[in-house]
Every structure is written in structure tokens, then in C-alpha cells.
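Notes to accompany the following structure.
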Amino acid sequence: MTDPEFPLRALLAQVRACRACDDLPCGPRPIIQAQGSARVLIVGQAPGRRVHETGVPWNDPSGDRLRAWLGVDRATFYGPDFAIIPMGLCYPGSGPRGDQPPRRRCAPLWFARLRASLPEIRLTLLVGRYAQAYHLPPTDARRAVAAAVRQGPDYGALWPLPHPSGRNNQWLKRHPWFETEILPVLRHRVHTLLRAPLGPDDRAP
Ligand code: SF4
């Protein structure tokens, strides 16, 4: 019998063997999570150092905050409902202002092929400006992140989010509507897509 997951598994094996950026400061280590059953796709920037070291996506304080935003625990986040594909799959190293941007060659090499292998995706979370620049119309992507985030519920299958890094604490303080108005709607939307039952705090706002 044909294994429906075989094409995706074969592609993931190619991705994980990618060594196109041989000048990465810590070397190539593509970090990705994808199963054909996934309904929610998280598109971030690139792995940080801790994620590079552990090989587990969003396995850091940013990931803890993202899971809190979505109202899911680690088991759900790392389960079959979520796919995780950053714009750059390898840790790009750090610079004076935090981590370097994702490698430019990565998304053209891999993203569209990976996305095409995930037919069940119903919602794509665009975490940070690199993911937004890739997915949103240029006029939307050029605006401040806050403008796109405020429109999150109106984008349909796409949902722009700020990056959950601690570096954005000031942004979060300046935009309290994100936590009070946007996150409850997002949490409900995500939970309607999961196979897990809704919790008492997940009712529609
Ligand atoms: S960043 Fe992307 S293109 Fe570069 S080595 Fe890693 S997987 Fe390959």
C-alpha cells in the first residue's frame, strides 16, 4: 500500500541534509516540524541558539510565550496539528542587535515545496516581519508590524503576529490591545482547528 506521507518524509530528509549555507557560524542544522496532518502552520524567523543546540523548534522562552498566546501546551504544540517552518531553517548566528536575519536563500529553496506538502493547513501564523514580508501583499508588509497584527482576524488563512521574543516586551506594552483583543480571538480560532477538546477558557469571545 502506498504511504501518503512518503513524499513529505522524502522532502524532509532532503531538507535536513541541506548544506547550502556552509558559512553559517554554527554550521547548518535545519530545524523543522511537519506532518501531513498539520492544520496550523507557524512560520517564524529562524532558530535561535538554544533551538539550534537542542534541535527542537521554539524550545526557548519565545516558544513558551508563543504557546501561552495560542493557549496550547507543549504536547499539543509538538503534536500532529502543528507544522513549524521558519523562513530560515538554520540558526544564522547573532549580531550586535540580536540574531542575524534568516538566510535569504533558504525560503526560495525550500518553503514553497514544504508548504505544498501540507494540504491540511487551515491557518498560517506569520510570526515577525520576515514571515510577513514573504506572505503579505507588499503594501501590507511594508507597514509597521502593529498595523498588520491589528488586522490579524481579517486576513483569513493568514494571521500576522509580533515575534514573542523578550526583545518585544516594549512593543507588547505599547500595544495592550494585542493581548486583550487579538489573542482571545486567535486562541479560539486555533482551538477550533485542533483535535483536542476546547477548555473552559477557549469559548468564542
Ligand atoms: S539555512 Fe536553509 S538553505 Fe541554508 S543550509 Fe540551512 S536549510 Fe539549507
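Residue numbering restarts at 1 in every chain; chains get A, B, ... in the order shown in the C-alpha cells, and ligands count up from 1 in that same order.
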### Task
May I have the residues within 10 Å of ligand 1, computed using only C-alpha atoms and all ligand atoms, as an MDAnalysis selection string?
chainID A and resid 14:24 27:32 46:47 86:92 102:111
### Task
For range 142-157 of chain A, list every protein, DNA or RNA residue within 8 Å, evaluated using only C-alpha atoms, and leave out those in the same chain fewer than 2 positions away; present the list as a list of chain:residue names.
A:Arg122, A:Leu123, A:Thr124, A:Gly128, A:Arg129, A:Ala133, A:Pro138, A:Thr139, A:Asp140, A:Trp159, A:Pro160, A:Leu161, A:Pro162, A:His175, A:Phe178, A:Ile182, A:Val185, A:Leu186
Output file for the selection above: C-alpha atoms, as a CSV table (one decimal), in the first residue's frame:
chain,number,residue,atom,x,y,z
A,122,ARG,CA,-6.1,25.9,7.5
A,123,LEU,CA,-4.3,28.7,9.3
A,124,THR,CA,-0.7,30.1,8.9
A,128,GLY,CA,7.5,38.5,12.8
A,129,ARG,CA,8.3,40.7,9.9
A,133,ALA,CA,7.2,40.2,4.2
A,138,PRO,CA,3.9,44.3,-0.4
A,139,THR,CA,1.8,47.3,0.7
A,140,ASP,CA,0.7,45.4,3.8
A,159,TRP,CA,-2.5,35.7,10.7
A,160,PRO,CA,0.3,38.1,11.4
A,161,LEU,CA,1.8,38.1,14.9
A,162,PRO,CA,4.6,40.0,16.5
A,175,HIS,CA,0.1,47.8,22.2
A,178,PHE,CA,-2.8,42.7,21.2
A,182,ILE,CA,-6.4,39.9,19.4
A,185,VAL,CA,-9.9,35.6,19.0
A,186,LEU,CA,-6.7,33.9,17.8
Excluding same-chain residues fewer than 4 positions from range 83-85 of chain A, what lies within 8 Å of it counting only C-alpha atoms, as a tab-separated table (two decimals) with N, CA, C and O atoms, in the first residue's frame?
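Okay, out_21.tsv is ready:
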chain	number	residue	atom	x	y	z
A	31	ILE	N	16.02	23.02	11.16
A	31	ILE	CA	15.10	22.62	12.24
A	31	ILE	C	13.68	22.90	11.77
A	31	ILE	O	13.31	24.03	11.46
A	32	ILE	N	12.88	21.85	11.75
A	32	ILE	CA	11.57	21.91	11.13
A	32	ILE	C	10.69	20.84	11.75
A	32	ILE	O	11.18	19.82	12.21
A	33	GLN	N	9.39	21.11	11.77
A	33	GLN	CA	8.43	20.11	12.22
A	33	GLN	C	7.30	20.07	11.20
A	33	GLN	O	6.71	21.12	10.90
A	34	ALA	N	6.99	18.92	10.67
A	34	ALA	CA	5.91	18.85	9.68
A	34	ALA	C	5.38	17.43	9.56
A	34	ALA	O	6.15	16.49	9.40
A	35	GLN	N	4.07	17.31	9.66
A	35	GLN	CA	3.38	16.07	9.32
A	35	GLN	C	2.24	16.44	8.38
A	35	GLN	O	1.68	17.55	8.49
A	38	ALA	N	-1.00	18.26	9.66
A	38	ALA	CA	-0.97	19.55	10.35
A	38	ALA	C	-2.03	20.51	9.80
A	38	ALA	O	-2.26	20.59	8.59
A	39	ARG	N	-2.66	21.22	10.72
A	39	ARG	CA	-3.70	22.19	10.35
A	39	ARG	C	-3.27	23.63	10.59
A	39	ARG	O	-3.83	24.55	10.02
A	40	VAL	N	-2.32	23.81	11.50
A	40	VAL	CA	-1.83	25.15	11.81
A	40	VAL	C	-0.34	25.18	11.48
A	40	VAL	O	0.43	24.33	11.95
A	41	LEU	N	0.03	26.14	10.66
A	41	LEU	CA	1.45	26.29	10.29
A	41	LEU	C	2.01	27.54	10.97
A	41	LEU	O	1.41	28.62	10.88
A	42	ILE	N	3.12	27.37	11.64
A	42	ILE	CA	3.80	28.50	12.28
A	42	ILE	C	5.03	28.84	11.45
A	42	ILE	O	5.93	28.01	11.29
A	43	VAL	N	5.03	30.05	10.92
A	43	VAL	CA	6.18	30.49	10.13
A	43	VAL	C	6.89	31.58	10.92
A	43	VAL	O	6.37	32.68	11.08
A	44	GLY	N	8.05	31.24	11.44
A	44	GLY	CA	8.82	32.20	12.22
A	44	GLY	C	9.98	32.75	11.41
A	44	GLY	O	9.97	32.75	10.17
A	57	PRO	N	12.21	22.98	17.66
A	57	PRO	CA	11.76	24.33	17.32
A	57	PRO	C	11.03	25.01	18.48
A	57	PRO	O	10.32	24.36	19.23
A	89	LEU	N	15.86	28.01	7.97
A	89	LEU	CA	15.73	26.78	8.76
A	89	LEU	C	16.90	26.55	9.71
A	89	LEU	O	16.83	25.68	10.57
A	111	PHE	N	10.76	26.68	1.03
A	111	PHE	CA	9.46	26.95	1.66
A	111	PHE	C	8.27	26.50	0.81
A	111	PHE	O	7.37	25.82	1.30
### Task
Could you give me, as a PyMOL selection string, the residues within 10 Å of Arg49 in chain A, counting only C-alpha atoms and dropping anything in the same chain fewer than 4 positions from it?
chain A and resi 26+53-55+60+90-94+99
Take the residues just selected and output them with all heavy atoms as a PDB file, in the first residue's frame.
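Result file follows (selection-v4.pdb):
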ATOM      1  N   CYS A  26      27.514  28.449  13.183  1.00  0.00           N
ATOM      2  CA  CYS A  26      27.443  27.195  13.944  1.00  0.00           C
ATOM      3  C   CYS A  26      27.198  25.997  13.029  1.00  0.00           C
ATOM      4  O   CYS A  26      26.883  24.903  13.499  1.00  0.00           O
ATOM      5  CB  CYS A  26      26.343  27.285  14.994  1.00  0.00           C
ATOM      6  SG  CYS A  26      26.667  28.517  16.259  1.00  0.00           S
ATOM      7  N   GLU A  53      20.844  24.268  19.431  1.00  0.00           N
ATOM      8  CA  GLU A  53      21.550  23.284  20.262  1.00  0.00           C
ATOM      9  C   GLU A  53      20.684  22.068  20.571  1.00  0.00           C
ATOM     10  O   GLU A  53      21.174  20.953  20.646  1.00  0.00           O
ATOM     11  CB  GLU A  53      22.019  23.949  21.555  1.00  0.00           C
ATOM     12  CG  GLU A  53      23.193  24.897  21.314  1.00  0.00           C
ATOM     13  CD  GLU A  53      23.507  25.794  22.500  1.00  0.00           C
ATOM     14  OE1 GLU A  53      22.775  25.744  23.508  1.00  0.00           O
ATOM     15  OE2 GLU A  53      24.473  26.556  22.412  1.00  0.00           O
ATOM     16  N   THR A  54      19.383  22.293  20.772  1.00  0.00           N
ATOM     17  CA  THR A  54      18.508  21.171  21.148  1.00  0.00           C
ATOM     18  C   THR A  54      17.873  20.489  19.940  1.00  0.00           C
ATOM     19  O   THR A  54      17.387  19.360  20.047  1.00  0.00           O
ATOM     20  CB  THR A  54      17.379  21.647  22.084  1.00  0.00           C
ATOM     21  OG1 THR A  54      16.587  22.624  21.395  1.00  0.00           O
ATOM     22  CG2 THR A  54      17.941  22.270  23.347  1.00  0.00           C
ATOM     23  N   GLY A  55      17.797  21.207  18.817  1.00  0.00           N
ATOM     24  CA  GLY A  55      17.154  20.635  17.639  1.00  0.00           C
ATOM     25  C   GLY A  55      15.634  20.644  17.712  1.00  0.00           C
ATOM     26  O   GLY A  55      14.976  20.035  16.875  1.00  0.00           O
ATOM     27  N   ASP A  60      12.384  27.485  23.642  1.00  0.00           N
ATOM     28  CA  ASP A  60      13.062  28.587  24.330  1.00  0.00           C
ATOM     29  C   ASP A  60      11.991  29.515  24.909  1.00  0.00           C
ATOM     30  O   ASP A  60      10.792  29.255  24.736  1.00  0.00           O
ATOM     31  CB  ASP A  60      13.993  29.324  23.347  1.00  0.00           C
ATOM     32  CG  ASP A  60      13.267  29.828  22.104  1.00  0.00           C
ATOM     33  OD1 ASP A  60      12.024  29.813  22.092  1.00  0.00           O
ATOM     34  OD2 ASP A  60      13.940  30.241  21.144  1.00  0.00           O
ATOM     35  N   CYS A  90      17.978  27.299   9.532  1.00  0.00           N
ATOM     36  CA  CYS A  90      19.159  27.095  10.373  1.00  0.00           C
ATOM     37  C   CYS A  90      19.446  28.349  11.204  1.00  0.00           C
ATOM     38  O   CYS A  90      19.131  29.464  10.775  1.00  0.00           O
ATOM     39  CB  CYS A  90      20.382  26.783   9.522  1.00  0.00           C
ATOM     40  SG  CYS A  90      20.241  25.266   8.565  1.00  0.00           S
ATOM     41  N   TYR A  91      20.082  28.150  12.339  1.00  0.00           N
ATOM     42  CA  TYR A  91      20.491  29.261  13.199  1.00  0.00           C
ATOM     43  C   TYR A  91      21.486  30.137  12.436  1.00  0.00           C
ATOM     44  O   TYR A  91      22.545  29.658  12.020  1.00  0.00           O
ATOM     45  CB  TYR A  91      21.105  28.705  14.473  1.00  0.00           C
ATOM     46  CG  TYR A  91      21.739  29.738  15.375  1.00  0.00           C
ATOM     47  CD1 TYR A  91      21.047  30.868  15.784  1.00  0.00           C
ATOM     48  CD2 TYR A  91      23.052  29.565  15.831  1.00  0.00           C
ATOM     49  CE1 TYR A  91      21.627  31.812  16.616  1.00  0.00           C
ATOM     50  CE2 TYR A  91      23.645  30.500  16.669  1.00  0.00           C
ATOM     51  CZ  TYR A  91      22.929  31.623  17.049  1.00  0.00           C
ATOM     52  OH  TYR A  91      23.513  32.555  17.867  1.00  0.00           O
ATOM     53  N   PRO A  92      21.142  31.430  12.263  1.00  0.00           N
ATOM     54  CA  PRO A  92      22.012  32.273  11.438  1.00  0.00           C
ATOM     55  C   PRO A  92      23.150  32.934  12.206  1.00  0.00           C
ATOM     56  O   PRO A  92      23.926  33.681  11.615  1.00  0.00           O
ATOM     57  CB  PRO A  92      21.029  33.339  10.925  1.00  0.00           C
ATOM     58  CG  PRO A  92      19.965  33.427  11.983  1.00  0.00           C
ATOM     59  CD  PRO A  92      19.887  32.086  12.634  1.00  0.00           C
ATOM     60  N   GLY A  93      23.238  32.702  13.511  1.00  0.00           N
ATOM     61  CA  GLY A  93      24.250  33.375  14.322  1.00  0.00           C
ATOM     62  C   GLY A  93      23.714  34.684  14.862  1.00  0.00           C
ATOM     63  O   GLY A  93      22.620  35.128  14.488  1.00  0.00           O
ATOM     64  N   SER A  94      24.471  35.278  15.769  1.00  0.00           N
ATOM     65  CA  SER A  94      23.983  36.510  16.396  1.00  0.00           C
ATOM     66  C   SER A  94      24.842  37.692  15.974  1.00  0.00           C
ATOM     67  O   SER A  94      25.992  37.530  15.555  1.00  0.00           O
ATOM     68  CB  SER A  94      23.975  36.363  17.919  1.00  0.00           C
ATOM     69  OG  SER A  94      25.285  36.179  18.368  1.00  0.00           O
ATOM     70  N   ASP A  99      19.840  38.149  16.998  1.00  0.00           N
ATOM     71  CA  ASP A  99      20.182  37.166  15.967  1.00  0.00           C
ATOM     72  C   ASP A  99      20.187  37.796  14.579  1.00  0.00           C
ATOM     73  O   ASP A  99      19.452  38.739  14.295  1.00  0.00           O
ATOM     74  CB  ASP A  99      19.179  36.008  16.005  1.00  0.00           C
ATOM     75  CG  ASP A  99      19.429  35.095  17.189  1.00  0.00           C
ATOM     76  OD1 ASP A  99      20.444  35.294  17.893  1.00  0.00           O
ATOM     77  OD2 ASP A  99      18.606  34.198  17.417  1.00  0.00           O
TER      78      ASP A  99
END
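DSSP annotation of range 1-82 of chain A from backbone atoms: strand (DSSP E or B) residues are Gln33, Val40, Leu41, Ile42, Val43 and Phe82 of chain A.
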Keeping only N, CA, C and O atoms, write the selected residues as an mmCIF file, in the first residue's frame.
data_model
loop_
_atom_site.group_PDB
_atom_site.id
_atom_site.type_symbol
_atom_site.label_atom_id
_atom_site.label_comp_id
_atom_site.auth_asym_id
_atom_site.auth_seq_id
_atom_site.Cartn_x
_atom_site.Cartn_y
_atom_site.Cartn_z
ATOM 1 N N GLN A 33 9.393 21.109 11.772
ATOM 2 C CA GLN A 33 8.427 20.107 12.218
ATOM 3 C C GLN A 33 7.302 20.075 11.196
ATOM 4 O O GLN A 33 6.713 21.125 10.900
ATOM 5 N N VAL A 40 -2.324 23.807 11.505
ATOM 6 C CA VAL A 40 -1.828 25.150 11.810
ATOM 7 C C VAL A 40 -0.338 25.180 11.480
ATOM 8 O O VAL A 40 0.426 24.331 11.950
ATOM 9 N N LEU A 41 0.034 26.143 10.660
ATOM 10 C CA LEU A 41 1.446 26.291 10.285
ATOM 11 C C LEU A 41 2.006 27.538 10.973
ATOM 12 O O LEU A 41 1.410 28.616 10.878
ATOM 13 N N ILE A 42 3.120 27.372 11.644
ATOM 14 C CA ILE A 42 3.796 28.501 12.282
ATOM 15 C C ILE A 42 5.030 28.838 11.452
ATOM 16 O O ILE A 42 5.931 28.008 11.286
ATOM 17 N N VAL A 43 5.031 30.049 10.922
ATOM 18 C CA VAL A 43 6.179 30.490 10.129
ATOM 19 C C VAL A 43 6.889 31.579 10.921
ATOM 20 O O VAL A 43 6.370 32.684 11.083
ATOM 21 N N PHE A 82 0.294 20.752 14.443
ATOM 22 C CA PHE A 82 1.136 21.927 14.170
ATOM 23 C C PHE A 82 2.307 21.565 13.270
ATOM 24 O O PHE A 82 3.010 20.575 13.507
#
### DSSP alpha helix (DSSP H) selection over chain A, as an MDAnalysis selection string
chainID A and resid 6:16 49:54 61:70 74:77 106:116 129:135 138:142 145:150 169:174 177 183:193
#### Entry: Best match for closeness to Leu194 in chain A among A:Ala10, A:Pro4, A:Gln45, A:Pro80, counting only C-alpha atoms
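Using only C-alpha atoms, Leu194 in chain A sits closest to A:Pro80.
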Which residues come within 9 Å of Ser117 in chain A, counting only C-alpha atoms, excluding same-chain residues fewer than 5 positions away, as an mmCIF file with N, CA, C and O atoms, in the first residue's frame?
data_model
loop_
_atom_site.group_PDB
_atom_site.id
_atom_site.type_symbol
_atom_site.label_atom_id
_atom_site.label_comp_id
_atom_site.auth_asym_id
_atom_site.auth_seq_id
_atom_site.Cartn_x
_atom_site.Cartn_y
_atom_site.Cartn_z
ATOM 1 N N PRO A 7 6.023 11.204 0.282
ATOM 2 C CA PRO A 7 6.640 12.362 -0.388
ATOM 3 C C PRO A 7 7.111 13.412 0.618
ATOM 4 O O PRO A 7 8.187 13.995 0.439
ATOM 5 N N LEU A 8 6.326 13.647 1.665
ATOM 6 C CA LEU A 8 6.734 14.638 2.667
ATOM 7 C C LEU A 8 7.968 14.148 3.417
ATOM 8 O O LEU A 8 8.919 14.907 3.638
ATOM 9 N N LEU A 11 10.954 14.615 1.265
ATOM 10 C CA LEU A 11 11.342 16.021 1.188
ATOM 11 C C LEU A 11 12.018 16.461 2.492
ATOM 12 O O LEU A 11 13.040 17.167 2.471
ATOM 13 N N GLN A 35 4.066 17.307 9.663
ATOM 14 C CA GLN A 35 3.378 16.066 9.319
ATOM 15 C C GLN A 35 2.236 16.444 8.384
ATOM 16 O O GLN A 35 1.677 17.545 8.490
ATOM 17 N N GLY A 36 1.853 15.525 7.527
ATOM 18 C CA GLY A 36 0.813 15.827 6.555
ATOM 19 C C GLY A 36 -0.524 16.187 7.179
ATOM 20 O O GLY A 36 -1.376 16.805 6.557
ATOM 21 N N ALA A 112 8.257 26.896 -0.467
ATOM 22 C CA ALA A 112 7.081 26.589 -1.298
ATOM 23 C C ALA A 112 6.877 25.074 -1.428
ATOM 24 O O ALA A 112 5.743 24.578 -1.396
#
### Task
Return the single residue from A:Leu118, A:Arg67, A:Pro164, A:Arg74 that is closest to Glu5 in chain A, with distances computed using only C-alpha atoms.
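With only C-alpha atoms as the atom set, the closest residue is A:Leu118.
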### Message
If I take CA of Val127 in chain A and CA of Pro25 in chain A, how far is one from the other in Å, to one decimal?
### Response
23.8 Å
### Message
Just to confirm, what's the straight-line distance from CA of Gly63 in chain A to CA of Leu125 in chain A in Å (one decimal)?
### Response
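Computing it gives 13.4 Å between the two atoms.
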### Query
Which value, in Å to one decimal, gives the distance between CA of Val56 in chain A and CA of Gly166 in chain A?
19.0 Å
#### Entry: Residue with smallest distance to Pro119 in chain A - pool A:Phe6, A:Asp73, A:Ser37, A:Pro176, counting only C-alpha atoms
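When distances to Pro119 in chain A are compared using only C-alpha atoms, the smallest one comes from A:Ser37.
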